[in-house]
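The file query-v6.cif contains mmCIF, C-alpha atoms:
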data_work
#
loop_
_atom_site.label_atom_id
_atom_site.label_comp_id
_atom_site.auth_asym_id
_atom_site.auth_seq_id
_atom_site.Cartn_x
_atom_site.Cartn_y
_atom_site.Cartn_z
CA MET Q 1 0.00 0.00 0.00
CA ILE Q 2 2.72 2.42 1.05
CA LEU Q 3 4.77 1.45 -1.96
CA SER Q 4 1.92 2.05 -4.38
CA VAL Q 5 1.22 5.48 -2.83
CA ALA Q 6 4.89 6.38 -3.14
CA ALA Q 7 4.97 5.19 -6.72
CA LEU Q 8 1.92 7.19 -7.69
CA THR Q 9 2.86 10.46 -5.98
CA ALA Q 10 4.23 11.99 -9.12
CA CYS Q 11 1.18 11.15 -11.21
CA GLY Q 12 -0.52 14.39 -10.17
CA GLU Q 13 2.42 16.49 -11.28
CA LYS Q 14 2.17 18.35 -14.54
CA ALA Q 15 5.03 18.02 -16.99
CA GLN Q 16 7.47 20.91 -17.27
CA THR Q 17 9.51 21.24 -20.41
CA LEU Q 18 13.05 22.49 -19.99
CA GLY Q 19 14.61 24.82 -22.52
CA THR Q 20 13.05 27.48 -24.70
CA LYS Q 21 9.69 26.49 -26.17
CA ASN Q 22 8.30 27.76 -29.40
CA ASP Q 23 5.17 29.80 -28.95
CA ALA Q 24 2.46 29.32 -31.56
CA THR Q 25 1.53 32.43 -33.52
CA ALA Q 26 -1.59 34.27 -32.40
CA TYR Q 27 -3.20 34.05 -35.84
CA SER Q 28 -3.09 30.26 -35.72
CA GLY Q 29 -6.13 30.40 -33.42
CA ALA Q 30 -6.96 28.94 -30.02
CA GLN Q 31 -8.17 25.47 -29.12
CA ASN Q 32 -11.20 26.50 -27.10
CA HIS Q 33 -14.80 27.61 -27.50
CA PHE Q 34 -14.16 31.32 -27.01
CA VAL Q 35 -12.80 32.12 -30.47
CA ASP Q 36 -14.50 35.12 -32.01
CA PRO Q 37 -16.15 34.15 -35.32
CA GLY Q 38 -15.52 36.04 -38.55
CA TRP Q 39 -11.92 35.14 -39.36
CA THR Q 40 -10.01 32.10 -40.51
CA ALA Q 41 -7.52 30.53 -38.12
CA GLY Q 42 -4.10 30.26 -39.76
CA ASP Q 43 -4.74 33.12 -42.18
CA LYS Q 44 -2.68 36.06 -40.93
CA THR Q 45 -4.33 38.66 -43.15
CA SER Q 46 -7.78 37.58 -42.07
CA TRP Q 47 -6.75 37.78 -38.40
CA GLU Q 48 -5.22 41.25 -38.84
CA GLN Q 49 -8.29 42.54 -40.64
CA HIS Q 50 -10.52 41.13 -37.94
CA LEU Q 51 -8.55 42.77 -35.12
CA ARG Q 52 -8.44 46.08 -36.98
CA ALA Q 53 -12.19 46.06 -37.52
CA ARG Q 54 -12.80 45.06 -33.92
CA GLY Q 55 -10.52 47.83 -32.67
CA GLN Q 56 -12.16 50.48 -34.85
CA TYR Q 57 -15.63 49.39 -33.77
CA GLY Q 58 -14.80 49.08 -30.10
CA MET Q 59 -12.42 51.97 -29.50
CA ASN Q 60 -12.97 54.64 -32.11
CA ASP Q 61 -16.09 56.37 -30.87
CA HIS Q 62 -15.58 59.25 -33.29
CA SER Q 63 -16.42 56.91 -36.13
CA ARG Q 64 -19.64 55.89 -34.39
CA ALA Q 65 -20.92 59.21 -33.09
CA PRO Q 66 -23.37 60.97 -35.45
CA MET J 1 0.26 44.85 -39.05
CA ALA J 2 2.89 47.02 -37.47
CA ARG J 3 3.04 45.98 -33.84
CA MET J 4 0.86 45.90 -30.76
CA LYS J 5 0.89 48.96 -28.53
CA PHE J 6 -0.97 50.53 -25.62
CA ILE J 7 -2.01 54.17 -25.37
CA CYS J 8 -3.67 55.67 -22.30
CA ASP J 9 -5.47 58.95 -22.90
CA ALA J 10 -5.05 60.94 -19.67
CA GLU J 11 -7.78 63.39 -20.78
CA ARG J 12 -10.32 60.57 -20.68
CA CYS J 13 -9.23 58.27 -17.86
CA ILE J 14 -11.58 58.69 -14.89
CA GLU J 15 -9.78 56.33 -12.50
CA CYS J 16 -12.67 53.87 -12.47
CA ASN J 17 -10.27 50.90 -12.34
CA GLY J 18 -12.43 49.00 -14.82
CA CYS J 19 -9.29 47.97 -16.70
CA VAL J 20 -7.73 46.59 -13.51
CA THR J 21 -10.85 44.62 -12.69
CA ALA J 22 -11.23 43.33 -16.24
CA CYS J 23 -7.63 42.12 -16.25
CA LYS J 24 -7.82 40.41 -12.86
CA ASN J 25 -11.08 38.71 -13.78
CA GLU J 26 -10.06 37.65 -17.27
CA HIS J 27 -6.81 36.04 -16.21
CA GLU J 28 -7.73 35.10 -12.63
CA VAL J 29 -4.67 36.95 -11.40
CA PRO J 30 -3.83 35.98 -7.78
CA TRP J 31 -4.07 38.30 -4.79
CA GLY J 32 -1.11 40.60 -4.47
CA VAL J 33 -0.45 40.82 -8.20
CA ASN J 34 -1.93 43.54 -10.35
CA ARG J 35 -0.89 43.29 -13.95
CA ARG J 36 -2.50 46.67 -14.58
CA ARG J 37 -2.88 49.63 -12.22
CA VAL J 38 -4.33 53.10 -12.41
CA VAL J 39 -1.99 55.86 -11.26
CA THR J 40 -3.36 59.30 -10.39
CA LEU J 41 -1.20 62.40 -10.33
CA ASN J 42 -2.24 65.28 -8.04
CA ASP J 43 -4.96 63.13 -6.55
CA GLY J 44 -7.79 65.22 -5.08
CA VAL J 45 -6.50 68.45 -6.60
CA PRO J 46 -8.64 70.01 -9.35
CA GLY J 47 -7.14 69.02 -12.69
CA GLU J 48 -5.82 65.65 -11.46
CA LYS J 49 -4.78 63.21 -14.16
CA SER J 50 -5.02 59.44 -14.15
CA ILE J 51 -3.35 56.90 -16.37
CA SER J 52 -3.65 53.17 -16.61
CA VAL J 53 -0.25 51.49 -16.46
CA ALA J 54 0.88 47.96 -17.28
CA CYS J 55 3.63 46.37 -19.31
CA MET J 56 3.99 48.55 -22.42
CA HIS J 57 5.69 45.81 -24.44
CA CYS J 58 8.60 48.13 -25.15
CA SER J 59 10.41 48.20 -28.48
CA ASP J 60 13.74 47.77 -26.68
CA ALA J 61 12.55 46.07 -23.50
CA PRO J 62 14.90 46.50 -20.51
CA CYS J 63 13.46 43.41 -18.82
CA MET J 64 14.68 41.30 -21.73
CA ALA J 65 18.11 42.85 -21.50
CA VAL J 66 18.66 42.15 -17.81
CA CYS J 67 17.12 38.68 -17.47
CA PRO J 68 19.96 36.32 -16.45
CA VAL J 69 18.18 33.19 -17.70
CA ASN J 70 16.87 34.70 -20.94
CA CYS J 71 13.26 33.73 -20.29
CA PHE J 72 11.82 36.64 -22.29
CA TYR J 73 10.92 36.58 -25.94
CA LYS J 74 9.07 38.84 -28.33
CA THR J 75 6.33 37.69 -30.66
CA ASP J 76 5.98 38.76 -34.29
CA GLU J 77 3.44 41.34 -33.15
CA GLY J 78 5.94 42.93 -30.74
CA VAL J 79 4.39 41.50 -27.58
CA VAL J 80 6.97 40.85 -24.85
CA LEU J 81 6.28 37.52 -23.14
CA HIS J 82 8.18 35.27 -20.77
CA ASP J 83 8.47 31.58 -20.02
CA LYS J 84 7.54 30.77 -16.42
CA ASP J 85 9.23 27.39 -16.64
CA ILE J 86 12.55 29.17 -17.14
CA CYS J 87 12.04 32.18 -14.83
CA ILE J 88 13.95 31.85 -11.53
CA GLY J 89 12.22 34.75 -9.80
CA CYS J 90 15.37 36.85 -9.31
CA GLY J 91 13.47 40.13 -9.72
CA TYR J 92 15.98 41.89 -12.00
CA CYS J 93 13.23 42.61 -14.54
CA SER J 94 11.20 44.30 -11.83
CA TYR J 95 14.06 46.70 -11.06
CA ALA J 96 14.77 47.36 -14.73
CA CYS J 97 11.22 48.09 -15.85
CA PRO J 98 10.37 51.83 -15.97
CA PHE J 99 6.67 51.01 -15.54
CA GLY J 100 6.90 48.60 -12.59
CA ALA J 101 5.19 45.95 -14.67
CA PRO J 102 6.82 42.67 -13.57
CA GLN J 103 5.39 41.56 -10.24
CA PHE J 104 5.80 38.59 -7.97
CA PRO J 105 3.27 36.59 -5.97
CA SER J 106 3.84 37.18 -2.26
CA GLN J 107 2.13 34.20 -0.63
CA GLY J 108 5.29 32.10 -0.66
CA THR J 109 6.86 30.81 2.55
CA PHE J 110 9.78 32.82 3.98
CA GLY J 111 9.17 35.62 1.49
CA VAL J 112 9.95 33.46 -1.52
CA ARG J 113 9.22 35.50 -4.63
CA GLY J 114 7.93 32.86 -6.99
CA LYS J 115 7.71 33.23 -10.74
CA MET J 116 7.39 36.68 -12.23
CA ASP J 117 3.97 37.68 -13.54
CA LYS J 118 3.14 40.52 -15.89
CA CYS J 119 0.74 41.73 -18.55
CA THR J 120 0.82 39.50 -21.62
CA PHE J 121 -1.20 41.83 -23.88
CA CYS J 122 -3.73 38.99 -23.52
CA ALA J 123 -1.44 36.84 -25.66
CA GLY J 124 -0.84 33.95 -23.25
CA GLY J 125 2.58 32.36 -23.23
CA PRO J 126 4.66 29.51 -24.62
CA GLU J 127 2.02 26.81 -24.21
CA ALA J 128 -0.57 25.62 -26.70
CA ASN J 129 -2.91 28.50 -27.59
CA GLY J 130 -6.05 28.43 -25.46
CA SER J 131 -4.91 25.40 -23.45
CA GLU J 132 -5.51 24.86 -19.75
CA ALA J 133 -1.77 24.96 -19.07
CA GLU J 134 -1.51 28.35 -20.78
CA PHE J 135 -4.44 29.73 -18.81
CA GLU J 136 -3.06 28.55 -15.47
CA LYS J 137 0.35 30.09 -16.04
CA TYR J 138 -0.35 33.17 -18.13
CA GLY J 139 -4.09 33.70 -18.37
CA ARG J 140 -6.36 33.86 -21.40
CA ASN J 141 -4.96 34.15 -24.92
CA ARG J 142 -7.44 36.64 -26.36
CA LEU J 143 -5.28 37.52 -29.35
CA ALA J 144 -5.46 33.91 -30.53
CA GLU J 145 -9.23 34.11 -30.06
CA GLY J 146 -9.40 37.10 -32.41
CA LYS J 147 -9.93 39.63 -29.62
CA LEU J 148 -8.03 42.60 -28.23
CA PRO J 149 -6.85 42.96 -24.60
CA ALA J 150 -9.71 42.86 -22.09
CA CYS J 151 -8.58 46.03 -20.27
CA ALA J 152 -8.92 48.19 -23.38
CA GLU J 153 -12.10 46.55 -24.64
CA MET J 154 -13.67 47.05 -21.19
CA CYS J 155 -12.58 50.68 -20.76
CA SER J 156 -15.78 52.69 -20.30
CA THR J 157 -14.42 56.01 -21.59
CA LYS J 158 -12.17 54.44 -24.24
CA ALA J 159 -9.21 56.10 -22.57
CA LEU J 160 -7.16 52.94 -22.89
CA LEU J 161 -6.45 51.94 -26.46
CA ALA J 162 -4.76 48.69 -27.43
CA GLY J 163 -4.01 47.08 -30.74
CA ASP J 164 -2.02 47.69 -33.87
CA GLY J 165 0.21 50.71 -33.25
CA ASP J 166 -0.88 52.47 -36.44
CA MET J 167 -4.54 52.03 -35.60
CA VAL J 168 -4.41 53.25 -31.99
CA ALA J 169 -2.17 56.16 -32.94
CA ASP J 170 -4.66 57.14 -35.65
CA ILE J 171 -7.62 57.03 -33.23
CA PHE J 172 -5.69 59.09 -30.68
CA ARG J 173 -4.54 61.62 -33.30
CA ASN J 174 -8.14 62.17 -34.39
CA ARG J 175 -9.20 62.83 -30.81
CA VAL J 176 -6.44 65.35 -30.22
CA VAL J 177 -7.25 67.20 -33.43
CA LYS J 178 -10.94 67.38 -32.54
CA ARG J 179 -10.52 68.49 -28.92
CA ASN J 180 -7.38 70.54 -29.61
CA LYS J 181 -5.58 69.55 -26.39
CA GLY J 182 -4.09 66.62 -24.51
CA ALA J 183 -1.53 65.38 -27.02
CA GLU J 184 0.78 64.04 -24.31
CA VAL J 185 0.95 60.28 -24.29
CA TRP J 186 2.70 59.42 -21.05
CA GLY J 187 5.03 56.48 -21.34
CA TRP J 188 4.90 56.33 -25.12
CA GLY J 189 8.38 57.80 -25.60
CA THR J 190 9.87 55.61 -22.86
CA ALA J 191 8.34 52.45 -24.27
CA TYR J 192 8.55 52.98 -28.00
CA GLY J 193 11.40 55.46 -28.34
CA SER J 194 9.41 58.33 -29.83
CA LYS J 195 10.79 61.79 -29.18
CA GLN J 196 7.54 63.57 -29.85
CA ALA J 197 5.45 62.68 -26.85
CA GLY J 198 5.90 64.33 -23.50
CA GLN J 199 9.67 64.65 -23.74
CA ALA J 200 11.88 67.68 -23.51
CA PRO J 201 13.17 68.92 -26.88
CA ALA J 202 16.56 67.62 -27.82
CA LYS J 203 19.54 69.85 -27.01
CA VAL J 204 21.23 71.36 -29.99
CA GLU J 205 25.00 71.21 -29.81
CA GLY J 206 26.93 74.43 -30.08
CA VAL J 207 24.13 76.62 -28.71
CA LYS J 208 25.10 78.61 -25.62
CA LYS J 209 22.54 79.47 -22.98
#

In structure tokens, how does this file's structure come out?
Amino acid sequence: MILSVAALTACGEKAQTLGTKNDATAYSGAQNHFVDPGWTAGDKTSWEQHLRARGQYGMNDHSRAP
Amino acid sequence: MARMKFICDAERCIECNGCVTACKNEHEVPWGVNRRRVVTLNDGVPGEKSISVACMHCSDAPCMAVCPVNCFYKTDEGVVLHDKDICIGCGYCSYACPFGAPQFPSQGTFGVRGKMDKCTFCAGGPEANGSEAEFEKYGRNRLAEGKLPACAEMCSTKALLAGDGDMVADIFRNRVVKRNKGAEVWGWGTAYGSKQAGQAPAKVEGVKK
């Protein structure tokens, strides 16, 4: 019993990778359900256009005020 | 796209701390660490000014220069990020940063610093985009979700602008032209090396006072 507990202690640990890891590009998209629709993951131009449109709509109130 | 930048419009910031709350909520930042803070100058005096401050993702980032284990890297969009698996918590970046952006969790035993934490421009870190591991270490990766940083998108007065440098500069320029005041962008020159914003004019050699 004690042996099996000791052997399984590390099973709850999450792996840590040593050395520099390569970060995926932002335009490659995210693997979750929160991705904003309206652009194609992996297409850099589409991603840039989407962010630009979102920024103009959300932050430039001069373009929205009558 | 040029590169990602922050601008805080001191004429509009009302010190509501909405950006701070949005950031803490979005990334579930632990107690004792504020990735973004609102600083008020001449607090309580008529004419006080407030600005929202976080990591500015500098063009020539001093934190990157002083890190002894080289845990920092810069993405193609100019976002300065770091790898928490490499960080040793020495605190050099904290001393080097002109904005006080890198912070350390303080719940550790015997005052142990722990891994450095800072604003990621909502771009996560070196884990799979949108993964649980990325969220636990760095918070949400909104850029990979096609969104802009939560602090700026949540700002009620649109004082805080974030996104492509050309775009935010254009929005800010339009505002200044229309209201005819408040062209100073505090921190812009320090972070991005511009000589035009809030800095003393350069000295001309050979001119006697």

| task | Fewer than 4 positions away in the same chain doesn't count, so skip those; otherwise give me all residues within 12 Å of J:Phe172, counting all atoms listed in the file, as a ChimeraX atom specification. | result | /Q:56,59-62 /J:6-12,158-162,165-168,176-185

| request: Report the distance between atom CA of Q:Thr40 and atom CA of J:Glu77 in Å, rounded to one decimal place. | output: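 One can read the atom CA of Q:Thr40 to atom CA of J:Glu77 distance as 17.9 Å.
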
| request: Work out how far apart atom CA of J:Gly100 and atom CA of J:Arg36 are and give it in Å to one decimal. | output: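 Between atom CA of J:Gly100 and atom CA of J:Arg36 the gap works out to 9.8 Å.
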
| said: Can you work out which residues from chain J touch chain Q at a cut-off of 7 Å (counting all atoms listed in the file) and hand them back as an MDAnalysis selection string? | reply: chainID J and resid 1 85 125:131 143:148 153 158 161 163 171

| task | Between atom CA of J:Ser94 and atom CA of J:Arg3, measure the distance and give it in Å to one decimal. | result |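 We find that atom CA of J:Ser94 and atom CA of J:Arg3 lie 23.5 Å from each other.
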
| task | Run the PyMOL selection byres ((chain J and resi 51) around 7) against the file shown and list the residues it catches, as a list of chain:residue names. | result |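 Matching residues under the PyMOL selection byres ((chain J and resi 51) around 7) are J:Cys8, J:Ala10, J:Cys13, J:Val38, J:Val39, J:Thr40, J:Lys49, J:Ser50, J:Ser52, J:Val53.
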
| request: Find the residue from J:Asp60, J:Thr21, J:Lys84, J:Val29 that sits nearest to J:Ala133; use all atoms listed in the file when measuring. | output: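 Using all atoms listed in the file, J:Ala133 sits closest to J:Lys84.
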
| Any chance you could work out the residue set of the PyMOL selection byres ((chain J and resi 93) around 7) here, as a list of chain:residue names? |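 Selected by the PyMOL selection byres ((chain J and resi 93) around 7) in this file: J:Cys63, J:Val66, J:Cys67, J:Gly91, J:Tyr92, J:Ser94, J:Tyr95, J:Ala96, J:Cys97, J:Pro102.
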
| request: Name the residues that the PyMOL selection byres ((chain J and resi 118) around 8) picks from the file above, as a ChimeraX atom specification, using the file's chain letters and numbers. | output: /J:35,54-55,101-103,116-117,119-120
